[in-house]
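Participant: Provided herewith: run28.cif, mmCIF, C-alpha atoms.
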data_my_file
#
loop_
_atom_site.label_atom_id
_atom_site.label_comp_id
_atom_site.auth_asym_id
_atom_site.auth_seq_id
_atom_site.Cartn_x
_atom_site.Cartn_y
_atom_site.Cartn_z
CA MET A 1 0.00 0.00 0.00
CA ILE A 2 1.35 3.40 -1.00
CA ALA A 3 1.34 6.02 1.75
CA GLY A 4 -0.26 9.35 1.09
CA ALA A 5 -2.46 12.13 2.40
CA VAL A 6 -5.18 14.40 1.15
CA SER A 7 -6.28 17.81 2.37
CA ALA A 8 -9.63 17.57 0.56
CA PRO A 9 -11.70 14.72 2.11
CA TRP A 10 -13.90 14.25 -0.98
CA LEU A 11 -10.78 13.39 -2.93
CA ASP A 12 -9.51 10.66 -0.64
CA VAL A 13 -11.47 7.67 -1.96
CA PRO A 14 -11.23 8.44 -5.71
CA LEU A 15 -7.51 9.23 -5.51
CA ARG A 16 -6.69 6.19 -3.38
CA ARG A 17 -8.66 4.00 -5.77
CA PHE A 18 -6.90 5.46 -8.80
CA VAL A 19 -3.48 4.80 -7.26
CA GLU A 20 -4.37 1.21 -6.40
CA ASP A 21 -6.17 0.33 -9.63
CA ALA A 22 -3.76 1.99 -12.03
CA ARG A 23 -0.77 0.73 -10.02
CA VAL A 24 1.02 4.06 -10.27
CA GLN A 25 4.01 4.77 -8.08
CA ARG A 26 3.14 8.36 -7.28
CA ALA A 27 0.16 10.60 -7.85
CA VAL A 28 -0.69 14.13 -6.87
CA ALA A 29 -3.94 16.01 -7.34
CA LEU A 30 -3.67 19.76 -7.58
CA ARG A 31 -5.49 22.83 -8.72
CA ALA A 32 -4.51 24.47 -11.95
CA ASP A 33 -2.68 27.15 -9.95
CA GLY A 34 -0.48 24.55 -8.22
CA LYS A 35 -2.29 24.18 -4.90
CA VAL A 36 -1.89 20.63 -3.62
CA LEU A 37 -5.05 18.71 -2.78
CA GLY A 38 -3.69 15.24 -2.15
CA GLN A 39 -0.80 12.96 -2.88
CA PHE A 40 0.25 9.35 -2.73
CA GLY A 41 3.76 7.96 -2.89
CA PHE A 42 5.82 11.13 -2.42
CA ALA A 43 8.54 11.01 0.20
CA SER A 44 8.77 14.68 1.10
CA ALA A 45 6.98 18.01 0.92
CA ALA A 46 9.77 19.36 -1.26
CA ASP A 47 9.13 16.65 -3.86
CA VAL A 48 5.41 17.45 -3.89
CA MET A 49 6.12 21.17 -4.15
CA THR A 50 8.43 20.64 -7.11
CA ALA A 51 6.00 18.29 -8.87
CA CYS A 52 3.07 20.66 -8.41
CA ALA A 53 4.95 23.74 -9.54
CA LEU A 54 6.15 21.92 -12.65
CA ALA A 55 2.73 20.38 -13.33
CA ALA A 56 1.02 23.76 -13.08
CA ALA A 57 3.55 25.29 -15.44
CA ILE A 58 3.32 22.41 -17.93
CA ASN A 59 -0.47 22.59 -17.82
CA ALA A 60 -0.45 26.33 -18.47
CA SER A 61 1.87 26.04 -21.46
CA GLY A 62 0.17 22.88 -22.77
CA LYS A 63 -3.22 24.55 -22.56
CA GLU A 64 -2.00 27.59 -24.42
CA LEU A 65 -0.21 25.49 -27.03
CA GLY A 66 -3.37 23.43 -27.55
CA LYS A 67 -5.38 26.61 -28.06
CA GLN A 68 -2.91 27.94 -30.58
CA LEU A 69 -2.62 24.69 -32.53
CA GLY A 70 -6.17 23.48 -32.58
CA GLY A 71 -8.29 26.10 -30.92
CA ARG A 72 -8.87 23.90 -27.88
CA PRO A 73 -6.72 23.17 -24.84
CA PHE A 74 -5.22 19.70 -24.43
CA LEU A 75 -7.01 17.43 -22.02
CA GLY A 76 -4.11 15.18 -21.15
CA LEU A 77 -0.39 14.81 -21.48
CA HIS A 78 1.90 11.81 -21.43
CA GLN A 79 5.64 11.53 -21.36
CA GLY A 80 6.99 8.04 -21.83
CA GLY A 81 10.45 6.93 -20.81
CA LYS A 82 12.32 3.66 -21.04
CA SER A 83 11.21 2.41 -17.65
CA GLN A 84 8.94 5.16 -16.36
CA GLY A 85 6.13 7.29 -17.67
CA VAL A 86 4.33 10.39 -16.51
CA PHE A 87 0.69 11.17 -17.18
CA MET A 88 -1.20 14.37 -16.46
CA GLY A 89 -4.90 14.86 -17.02
CA SER A 90 -7.42 17.50 -16.13
CA CYS A 91 -10.79 16.98 -14.52
CA THR A 92 -13.57 18.96 -12.89
CA ALA A 93 -15.37 18.84 -9.57
CA GLU A 94 -18.00 21.36 -8.59
CA GLY A 95 -17.16 23.50 -11.58
CA LYS A 96 -13.50 23.80 -10.63
CA ASP A 97 -10.61 22.43 -12.65
CA PHE A 98 -8.14 19.99 -11.15
CA LEU A 99 -5.06 18.24 -12.42
CA LEU A 100 -3.91 14.75 -11.67
CA LEU A 101 -0.25 13.99 -12.17
CA ALA A 102 0.83 10.35 -11.98
CA ALA A 103 4.15 8.59 -12.40
CA PHE A 104 4.20 4.92 -13.27
CA ASP A 105 6.76 2.25 -14.07
CA ARG A 106 6.50 -1.02 -16.00
CA GLU A 107 4.02 -2.39 -13.47
CA SER A 108 1.44 -0.28 -15.26
CA THR A 109 0.83 1.05 -18.76
CA LEU A 110 -0.40 4.28 -20.26
CA GLY A 111 -3.57 2.45 -21.30
CA LEU A 112 -4.30 1.39 -17.72
CA VAL A 113 -3.52 4.84 -16.33
CA ARG A 114 -5.84 6.45 -18.89
CA LEU A 115 -8.55 3.90 -18.16
CA TYR A 116 -8.51 4.50 -14.42
CA PHE A 117 -8.04 8.23 -14.84
CA ALA A 118 -11.36 8.22 -16.74
CA GLU A 119 -12.95 6.49 -13.73
CA PHE A 120 -11.32 8.99 -11.37
CA ARG A 121 -12.66 11.87 -13.48
CA ASP A 122 -16.15 10.35 -13.47
CA ALA A 123 -16.01 9.85 -9.70
CA LEU A 124 -15.04 13.48 -9.17
CA ARG A 125 -17.83 14.62 -11.43
CA GLY A 126 -20.23 13.02 -8.99
CA VAL A 127 -18.81 14.82 -5.97
CA SER A 128 -21.69 16.55 -4.28
CA GLN A 129 -19.67 17.93 -1.42
CA ARG A 130 -18.56 21.48 -1.94
CA ALA A 131 -15.00 21.73 -3.20
CA PRO A 132 -12.82 24.01 -1.12
CA GLU A 133 -13.01 27.65 -2.11
CA MET A 134 -10.05 29.46 -3.51
CA GLU A 135 -8.68 31.75 -0.90
CA GLY A 136 -9.03 35.01 -2.76
CA GLU A 137 -5.86 37.02 -2.86
CA ARG A 138 -3.42 34.42 -1.60
CA ASP A 139 -0.52 33.76 -3.89
CA LEU A 140 0.76 30.48 -5.26
CA GLU A 141 3.54 30.13 -2.71
CA SER A 142 1.37 30.61 0.35
CA ASP A 143 -1.24 28.26 -1.12
CA LEU A 144 1.40 25.63 -1.74
CA ASN A 145 2.88 26.03 1.71
CA SER A 146 -0.44 25.76 3.50
CA SER A 147 -1.51 22.68 1.62
CA LEU A 148 1.90 21.05 2.07
CA ASP A 149 1.73 21.80 5.78
CA ALA A 150 -1.63 20.05 5.87
CA LEU A 151 -0.21 17.01 4.09
CA PHE A 152 3.22 16.64 5.68
CA GLY A 153 3.27 19.01 8.66
CA PRO A 154 5.26 22.25 8.81
CA LEU A 155 8.79 22.17 7.42
CA SER A 156 11.34 22.45 10.22
CA MET B 1 0.96 2.24 -42.69
CA THR B 2 -1.62 0.59 -40.44
CA GLN B 3 -3.52 -0.98 -43.37
CA PRO B 4 -1.88 -4.43 -43.06
CA TYR B 5 -2.85 -4.46 -39.37
CA VAL B 6 -6.41 -3.41 -40.14
CA THR B 7 -6.70 -6.20 -42.73
CA LEU B 8 -5.36 -8.76 -40.29
CA VAL B 9 -7.76 -7.66 -37.55
CA SER B 10 -10.73 -7.58 -39.95
CA ARG B 11 -10.06 -11.18 -40.97
CA LEU B 12 -10.20 -12.35 -37.36
CA GLU B 13 -13.34 -10.34 -36.69
CA ARG B 14 -15.18 -12.47 -39.24
CA SER B 15 -14.81 -15.61 -37.10
CA ALA B 16 -18.06 -16.85 -35.58
CA GLY B 17 -18.71 -15.64 -32.04
CA VAL B 18 -16.02 -12.95 -32.13
CA LEU B 19 -17.30 -9.68 -30.68
CA GLY B 20 -14.21 -7.61 -31.36
CA VAL B 21 -10.51 -7.87 -32.15
CA LEU B 22 -7.83 -5.41 -31.18
CA LEU B 23 -4.18 -5.08 -32.00
CA VAL B 24 -2.56 -3.45 -29.01
CA GLU B 25 0.88 -2.05 -28.24
CA VAL B 26 1.85 -4.31 -25.36
CA GLU B 27 3.95 -1.86 -23.34
CA ASP B 28 1.48 1.04 -23.58
CA GLY B 29 -1.80 -0.83 -23.75
CA LEU B 30 -2.97 1.48 -26.54
CA VAL B 31 -4.92 0.40 -29.62
CA ILE B 32 -3.06 0.10 -32.93
CA ALA B 33 -5.99 -1.28 -34.93
CA GLY B 34 -9.44 -2.74 -34.40
CA ALA B 35 -12.42 -2.05 -32.18
CA ALA B 36 -14.56 -3.77 -29.58
CA GLY B 37 -17.77 -1.82 -29.24
CA SER B 38 -17.73 1.80 -28.14
CA GLU B 39 -14.56 3.85 -27.88
CA SER B 40 -14.42 3.49 -24.11
CA THR B 41 -15.04 -0.27 -24.29
CA THR B 42 -12.32 -0.59 -26.89
CA GLU B 43 -9.84 1.35 -24.76
CA SER B 44 -10.73 -0.66 -21.65
CA ALA B 45 -10.38 -3.97 -23.48
CA ALA B 46 -7.04 -2.89 -24.92
CA ALA B 47 -5.64 -1.70 -21.61
CA LEU B 48 -6.88 -4.66 -19.59
CA GLY B 49 -6.20 -7.29 -22.26
CA SER B 50 -2.61 -6.19 -22.77
CA SER B 51 -2.10 -5.91 -19.01
CA LEU B 52 -3.43 -9.45 -18.53
CA PHE B 53 -1.12 -10.73 -21.24
CA ARG B 54 1.95 -8.96 -19.84
CA ARG B 55 1.30 -10.19 -16.33
CA THR B 56 0.60 -13.74 -17.41
CA ARG B 57 3.73 -13.74 -19.55
CA LYS B 58 5.75 -12.51 -16.58
CA ALA B 59 4.17 -15.08 -14.25
CA ALA B 60 4.89 -17.88 -16.74
CA GLY B 61 8.49 -16.72 -17.01
CA ASP B 62 8.87 -16.45 -13.22
CA ALA B 63 7.44 -19.95 -12.83
CA GLY B 64 10.03 -21.32 -15.23
CA LEU B 65 7.48 -22.13 -17.91
CA GLY B 66 9.04 -19.93 -20.56
CA GLY B 67 7.19 -17.25 -22.46
CA ALA B 68 3.41 -17.27 -22.61
CA ARG B 69 2.17 -17.45 -26.19
CA PHE B 70 -1.58 -17.63 -25.82
CA VAL B 71 -3.73 -16.49 -22.91
CA ARG B 72 -7.45 -17.15 -22.52
CA LEU B 73 -9.68 -15.71 -19.83
CA GLU B 74 -13.08 -17.33 -19.34
CA ALA B 75 -15.75 -15.03 -17.97
CA ASP B 76 -19.48 -15.43 -17.39
CA GLY B 77 -20.41 -13.76 -20.65
CA GLY B 78 -17.61 -14.94 -22.93
CA HIS B 79 -13.88 -15.15 -23.40
CA LEU B 80 -10.90 -12.88 -23.80
CA CYS B 81 -8.09 -14.37 -25.87
CA ALA B 82 -4.68 -12.79 -26.31
CA VAL B 83 -1.65 -13.76 -28.32
CA GLY B 84 1.57 -11.78 -28.33
CA ARG B 85 4.30 -11.19 -30.83
CA GLY B 86 7.14 -8.79 -30.19
CA GLU B 87 5.79 -5.47 -29.04
CA MET B 88 2.21 -6.21 -30.03
CA VAL B 89 -0.60 -8.30 -28.64
CA LEU B 90 -3.74 -9.41 -30.44
CA VAL B 91 -6.79 -9.38 -28.19
CA ALA B 92 -10.09 -10.99 -29.15
CA LEU B 93 -13.36 -10.80 -27.23
CA THR B 94 -15.83 -13.59 -27.92
CA ASP B 95 -19.22 -14.77 -26.77
CA ARG B 96 -19.63 -18.11 -25.00
CA ASP B 97 -20.35 -20.03 -28.19
CA ALA B 98 -17.23 -19.14 -30.15
CA ASN B 99 -15.11 -21.95 -31.53
CA LEU B 100 -12.07 -21.29 -29.36
CA GLY B 101 -9.87 -23.97 -30.93
CA LYS B 102 -10.31 -22.49 -34.38
CA LEU B 103 -9.92 -18.96 -33.09
CA ARG B 104 -6.71 -19.86 -31.28
CA LEU B 105 -5.27 -21.29 -34.47
CA GLU B 106 -6.27 -18.23 -36.47
CA MET B 107 -4.87 -15.87 -33.85
CA MET B 108 -1.55 -17.75 -33.72
CA ARG B 109 -1.29 -17.59 -37.51
CA ALA B 110 -2.18 -13.92 -37.52
CA ALA B 111 0.44 -13.21 -34.85
CA GLU B 112 3.11 -14.78 -37.05
CA GLN B 113 2.32 -12.20 -39.70
CA LEU B 114 2.87 -9.28 -37.34
#
Could you rewrite the structure in this file as structure tokens?
Facilitator:
Amino acid sequence: MIAGAVSAPWLDVPLRRFVEDARVQRAVALRADGKVLGQFGFASAADVMTACALAAAINASGKELGKQLGGRPFLGLHQGGKSQGVFMGSCTAEGKDFLLLAAFDRESTLGLVRLYFAEFRDALRGVSQRAPEMEGERDLESDLNSSLDALFGPLS
Amino acid sequence: MTQPYVTLVSRLERSAGVLGVLLVEVEDGLVIAGAAGSESTTESAAALGSSLFRRTRKAAGDAGLGGARFVRLEADGGHLCAVGRGEMVLVALTDRDANLGKLRLEMMRAAEQL
């Protein structure tokens, strides 16, 4: 069982299920602005912070590139390596956009990750509980820090 | 470029009792050619069929049985058959009445052409 934590309770079951079913090594759910909502498999807050910052940046550029090339943003992204792959997909709960970033090795495949991501996305669509509000004027860094504190405890 | 694969898959689809045939990239679990119902059903069958084949092949290797060539899963509503060759796996979904012996032979022959 992969250890993890979520700061949004409504995300716990779908994210845990995705990690187990898709057999990914690591997964993190975040808002498009980089705020962490939950993670499984990461060893430290610094790793999560790095992954979320990069995922948010990749999503922003991928979205823009998609708009420029085809008039619509991309819905998913995959980077395959020799022994590891990374998948990122977007989904919606309560009208808010979320990203799911997952890293997987040869225990899984892109096909499986996509399959269970579709189930994850459908599960989130059915979330009736109110998704946490954005905290107005707070910036990316303070958002990241507060959600990382909730997941891992304050950095010493 | 995919036309030879499409032809090969279409030939297998004509066998009695076959509900769908897919040619799948075994490492990614993504469809190269073929269909099995709706798009989501096709993607599920491809991902799960290739995963089943990979895992069975690994289990057979770990058990000292050598490489798995043909895998058949019997379910309540039918069968899933898979045969691998190199980086590809042929997956066929059938109903309960399909002639599995004939299908196995046809799938093995088709795999040799991959």
Participant: Please identify all residues of chain B having at least one atom at most 9 Å from any atom of chain A, considering only C-alpha atoms, and return them as number ranges by chain.
Facilitator: B: 26-31, 40, 43-44, 46-48, 50-51, 55
Participant: When distances are computed from all atoms listed in the file, which of A:Asp122, A:Asp12, A:Asp149, A:Glu64 shows the smallest separation from Gln39 of chain A?
Facilitator: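 Checking each candidate against Gln39 of chain A, we get A:Asp12 as the closest.
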Participant: Take the PyMOL selection byres ((chain A and resi 87) around 9), apply it to the structure above, and return the hits as a list in words.
Facilitator: Gly76, Leu77, His78, Gln79, Gly80, Gly85, Val86, Met88, Gly89, Leu100, Leu101, Ala102, Ala103, Phe104, Leu110, Val113 and Arg114 of chain A
Participant: Around (-5.6, -13.2, -20.2), as given in the file, which residues come within 9 Å? Count only C-alpha atoms and list them as a PyMOL selection string.
Facilitator: chain B and resi 48-56+70-74+80-82+91
Participant: Can you measure atom CA of Met49 of chain A to atom CA of Ser90 of chain A for me? One decimal in Å is fine.
Facilitator: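 Result for atom CA of Met49 of chain A versus atom CA of Ser90 of chain A: 18.4 Å, one decimal.
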Participant: I'd like the box whose edges run along x, y and z of the file and which contains every listed atom of segment 86-89 of chain A, padded by 3 Å per side; could you state its centre and edge lengths in Å, one decimal, as lines of an AutoDock Vina configuration file?
Facilitator:
center_x = -0.3
center_y = 12.6
center_z = -16.8
size_x = 15.2
size_y = 10.5
size_z = 6.7
Participant: What is the distance, in Å and to one decimal place, between atom CA of Cys91 of chain A and atom CA of Arg121 of chain A?
Facilitator: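 Pair atom CA of Cys91 of chain A / atom CA of Arg121 of chain A returns 5.5 Å.
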Participant: What does the distance from atom CA of Ala33 of chain B to atom CA of Thr2 of chain B come to in Å, to one decimal?
Facilitator: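 Interatomic distance, atom CA of Ala33 of chain B to atom CA of Thr2 of chain B: 7.3 Å.
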Participant: Restricting the calculation to only C-alpha atoms: of B:Ile32, B:Gly37, B:Gly66, B:Pro4, which residue gets closest to Leu114 of chain B?
Facilitator: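 Between B:Ile32, B:Gly37, B:Gly66, B:Pro4, the residue approaching Leu114 of chain B most closely is B:Pro4.
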Participant: Could you name the residues that touch Val48 of chain A at 8 Å or less, counting all atoms listed in the file, but leaving out those on the same chain fewer than 6 positions away, as an MDAnalysis selection string?
Facilitator: chainID A and resid 28 36 39 42 148
Participant: If you count all atoms listed in the file, which residues fall within 10 Å of Gly34 of chain B, apart from same-chain ones fewer than 4 positions away, as a PyMOL selection string?
Facilitator: chain B and resi 5-10+13+20-24+42+46+90-92
Participant: Quick one: which residues end up in the PyMOL selection byres ((chain A and resi 56) around 9) for this structure, as a list in words?
Facilitator: Leu30, Arg31, Ala32, Asp33, Gly34, Lys35, Ala51, Cys52, Ala53, Leu54, Ala55, Ala57, Ile58, Asn59, Ala60, Ser61 and Leu99 of chain A
Participant: Evaluating the PyMOL selection byres ((chain A and resi 20) around 12) on the displayed file yields which residues, as a PyMOL selection string?
Facilitator: chain A and resi 1-4+13-19+21-27+40-41+102+104+107-108+112-113+116-117+120
Participant: Calculated over only C-alpha atoms, which of the candidates A:Val127, A:Ala8, A:Ala45, A:Leu37 has the smallest distance to Thr92 of chain A?
Facilitator: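 Going through A:Val127, A:Ala8, A:Ala45, A:Leu37 one by one, the smallest distance to Thr92 of chain A is for A:Val127.
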Participant: Is it possible to get the residues within 10 Å of (-4.0, 23.3, -27.9) (coordinates as in the file, counting all atoms listed in the file) written as a VMD selection string?
Facilitator: chain A and resid 61 to 75
